[in-house]
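> Please see the structure below; I have some questions.
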Amino acid sequence: MTGFFRSACDFFLEKRIVLAGFLEKALVLNICSFVLFSPFSAVFSKISFFWSSLFWISLNIVQYRSKFYRYLIPSTTLNKSLAVFLAVALASVLFSVDPYHSQKIFFQRYLFYVIFFWITYGVTSRSRQNFLYLTFSILALATIVGAGGLFDHFRLAPERLFSVFGQQINLAVYLCFLFPFSLVVFLNQEKKFFKLWGLVNIVLLYPVLVFHASRTVWIVIIPVALLICFLKDRRSFFFFLAVVIATPAFMSSLQKERAKTVLDVFPALASYESQGTADQPAVHPRIESLHQRIDLANSAFAMFKKQPLLGAGPGMFEKLHKPGPGCDPHIHTHVIYLEILSEMGLAGLLAFFMIITMFLKKFFNDFLSWLRKGSLEYSIFAGLGSAIFIVLLCNLGISSILVGFQDAAMFWLFMAMGINEKVLGRE
């Protein structure tokens with residue numbers, strides 16, 4: 001009888017191990033699918049999040065049974081700062097101008113970002129293989145975006161490139177993720193396969209970067225990429241610098257015009273103040289763009305002044321912003337930090353900076369380790385951190401980190417992978 005029970009226990013234990021392995025693989029596959037396909041579909045990104053949550057809960061139930069709830073939230077260096085941010089966001093909802101609208105933003109965005117962060121961290125912590133699978137998917141996405149962007153440029157010949165294989169995506173955001181990541185992987189000293197793949201992605205993505213013609217993206221990516229090359233490999237630095245210098249010779253007239261106005265912010269602002277009026281602003285495109293952004297910034301500061309501690313409530317900028325004379329309606333400030341300040345007040349902005357500070361502290365340590373050691377893992381950490389750093393800079397001119405789901409979730413996925421040192425030394 002004892003042997004029978006022992007055999008039965010071994011049978012069920014073996015089945016549990018097999019089922020846990022299946023759920024883990026399904027979860028990894030689902031997150032890799034998120035990386036590859038969610039940039040092209042907001043609906044797919046939400047479906048992927050649902051299945052990721054289901055697989056993660058099921059995996060923990062199978063593995064830990066009645067104590068599964070203890071392992072749903074993995075221990076990370078950002079947990080305390082994330083908890084503070086969520087607490088401030090919830091307080092902002094309670095004191096919101098429109099609590100009903102704000103609670104939707106909290107439960108459909110902020111809470112989902114943090115859950116997705118925990119799931120990604122948890123599954124990549126389980127094995128080095130899982131971590132590398134997600135790395136492969138990021139590199140594959142870079143190849144798709146680069147090849148698809150070039151395909152659309154030569155097929156459609158648009159003035160500015162906004163699509164990949166005919167699908168509209170937020171190229172500004174994904175270039176900030178994919179170009180620095182591919183660059184750092186290319187500069188790694190260990191694996192030739194990764195180095196070659198990174199090089200292919202850079203060759204594909206750089207023309208897309210030019211054809212997209214976003215001044216904000218140019219300003220944040222090119223100088224940081226040059227700095228990375230200078231610190232890691234001087235030959236790559238001089239080659240990349242030569243390519244950047246030669247690029248204007250191959251630009252279209254629109255791209256050249258936008259390149260010329262990259263540093264024209266202050267002259268254009270002075271021109272706007274001298275030529276434009278409140279009722280009849282100047283109509284030069286650069287001046288008009290500044291006029292729109294100044295109007296958005298003024299609106300955000302006005303909301304902050306009314307409720308400086310906790311802001312007007314998550315998602316309230318789109319409800320409260322009233323465009324000034326000659327300005328188009330917008331639902332975001334195009335500066336994510338001003339948006340946080342207006343919607344969650346000083347407490348929200350400080351809580352968000354707490355998260356970013358903790359991440360950047362680890363990133364700089366990993367970056368220095370990569371410069372010294374150059375191992376594959378530190379190359380990936382440095383690439384992920386560089387991408388996050390550039391996205392943070394880019395959000396001085398756009399709103400993506402806490403807006404929508406698909407683009408913002410990618411930010412939190414990169415951050416979860418970037419702080420995960422549990423994969424170091426694992427096979």
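Residue names in the structure tokens use chain letters A, B, ... in the order shown, residue numbers from 1 in each chain, and ligand numbers from 1 in the order shown.
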Counting only C-alpha atoms, which residues of stretch 103-219 of chain A fall within 9 Å of stretch 64-77 of chain A, and what is the closest atom pair for each with its distance in Å at one decimal, ordered by chain and rising number, as JSON lines?


{"residue": "A:Ile115", "atom": "CA", "partner": "A:Ile73", "partner_atom": "CA", "distance": 8.2}
{"residue": "A:Trp118", "atom": "CA", "partner": "A:Ile73", "partner_atom": "CA", "distance": 6.1}
{"residue": "A:Ile119", "atom": "CA", "partner": "A:Ile73", "partner_atom": "CA", "distance": 7.9}
{"residue": "A:Tyr121", "atom": "CA", "partner": "A:Pro74", "partner_atom": "CA", "distance": 7.3}
{"residue": "A:Gly122", "atom": "CA", "partner": "A:Pro74", "partner_atom": "CA", "distance": 5.8}

> Need the shell around A:His332: protein/DNA/RNA residues with any atom at most 12 Å away, counting only C-alpha atoms. Skip same-chain ones fewer than 2 positions apart. Format as a ChimeraX atom specification?

/A:292-293,295-297,299-300,314-323,328-330,334-340,342-343,395,397-404

> Name the residues in contact with A:Ile380 at a cut-off of 8 Å, using only C-alpha atoms, excluding same-chain residues fewer than 3 positions from it; report them as a list in words.

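Near neighbours after the sequence-gap exclusion: Thr135, Phe181, Val184, Val185, Leu376, Glu377, Gly383, Leu384 and Gly418 of chain A.
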
> Which value, in Å to one decimal, gives the distance between atom CA of A:Ser92 and atom CA of A:Thr333?

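These two atoms are separated by 18.5 Å.
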
> Can you pull out the residues contacting stretch 231-248 of chain A? Cut-off 10 Å, using only C-alpha atoms, and skip same-chain residues under 6 positions away; I want them as a tab-separated table (two decimals) with N, CA, C and O atoms, in the first residue's frame.


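Just written: around-v1.tsv:
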chain	number	residue	atom	x	y	z
A	184	VAL	N	24.20	48.40	-29.17
A	184	VAL	CA	24.99	47.84	-28.06
A	184	VAL	C	25.23	46.35	-28.27
A	184	VAL	O	26.32	45.85	-27.99
A	187	LEU	N	28.05	45.96	-30.55
A	187	LEU	CA	29.35	46.29	-29.95
A	187	LEU	C	29.83	45.25	-28.94
A	187	LEU	O	30.92	45.40	-28.39
A	188	ASN	N	29.00	44.21	-28.67
A	188	ASN	CA	29.43	43.20	-27.71
A	188	ASN	C	30.63	42.43	-28.27
A	188	ASN	O	30.80	42.27	-29.48
A	206	TYR	N	18.94	52.58	-39.54
A	206	TYR	CA	19.44	53.94	-39.70
A	206	TYR	C	18.73	54.69	-40.84
A	206	TYR	O	18.32	55.85	-40.64
A	207	PRO	N	18.56	54.10	-42.03
A	207	PRO	CA	17.79	54.82	-43.06
A	207	PRO	C	16.35	55.09	-42.62
A	207	PRO	O	15.79	56.14	-42.95
A	210	VAL	N	16.31	58.13	-40.60
A	210	VAL	CA	16.40	59.33	-41.45
A	210	VAL	C	15.08	59.60	-42.14
A	210	VAL	O	14.58	60.73	-42.15
A	222	ILE	N	20.93	60.01	-32.04
A	222	ILE	CA	22.24	60.12	-32.68
A	222	ILE	C	23.34	60.52	-31.69
A	222	ILE	O	24.40	59.87	-31.64
A	223	PRO	N	23.18	61.57	-30.86
A	223	PRO	CA	24.26	61.91	-29.92
A	223	PRO	C	24.55	60.79	-28.91
A	223	PRO	O	25.71	60.52	-28.61
A	225	ALA	N	23.97	57.56	-29.31
A	225	ALA	CA	24.61	56.45	-30.03
A	225	ALA	C	26.08	56.74	-30.29
A	225	ALA	O	26.93	55.85	-30.15
A	255	GLN	N	13.56	66.35	-45.54
A	255	GLN	CA	14.44	65.90	-44.47
A	255	GLN	C	15.54	66.92	-44.20
A	255	GLN	O	15.88	67.19	-43.04
A	256	LYS	N	16.08	67.53	-45.26
A	256	LYS	CA	17.10	68.56	-45.08
A	256	LYS	C	16.52	69.77	-44.35
A	256	LYS	O	17.18	70.35	-43.48
A	259	ALA	N	16.17	68.89	-40.78
A	259	ALA	CA	17.49	68.84	-40.15
A	259	ALA	C	18.02	70.23	-39.85
A	259	ALA	O	18.64	70.47	-38.80
A	260	LYS	N	17.78	71.17	-40.76
A	260	LYS	CA	18.24	72.54	-40.54
A	260	LYS	C	17.57	73.19	-39.35
A	260	LYS	O	18.15	74.05	-38.68
A	368	LEU	N	28.82	50.37	-17.01
A	368	LEU	CA	30.25	50.36	-16.68
A	368	LEU	C	30.80	48.94	-16.70
A	368	LEU	O	31.93	48.69	-17.16
A	370	TRP	N	29.65	46.55	-18.55
A	370	TRP	CA	29.73	46.18	-19.96
A	370	TRP	C	30.99	46.76	-20.61
A	370	TRP	O	31.66	46.08	-21.38
A	371	LEU	N	31.33	48.00	-20.27
A	371	LEU	CA	32.53	48.61	-20.83
A	371	LEU	C	33.78	47.85	-20.41
A	371	LEU	O	34.73	47.71	-21.19
A	372	ARG	N	33.75	47.33	-19.17
A	372	ARG	CA	34.93	46.62	-18.66
A	372	ARG	C	34.97	45.16	-19.11
A	372	ARG	O	35.98	44.68	-19.57
A	374	GLY	N	32.27	43.28	-21.06
A	374	GLY	CA	31.76	43.01	-22.39
A	374	GLY	C	31.06	41.67	-22.55
A	374	GLY	O	30.94	41.17	-23.66
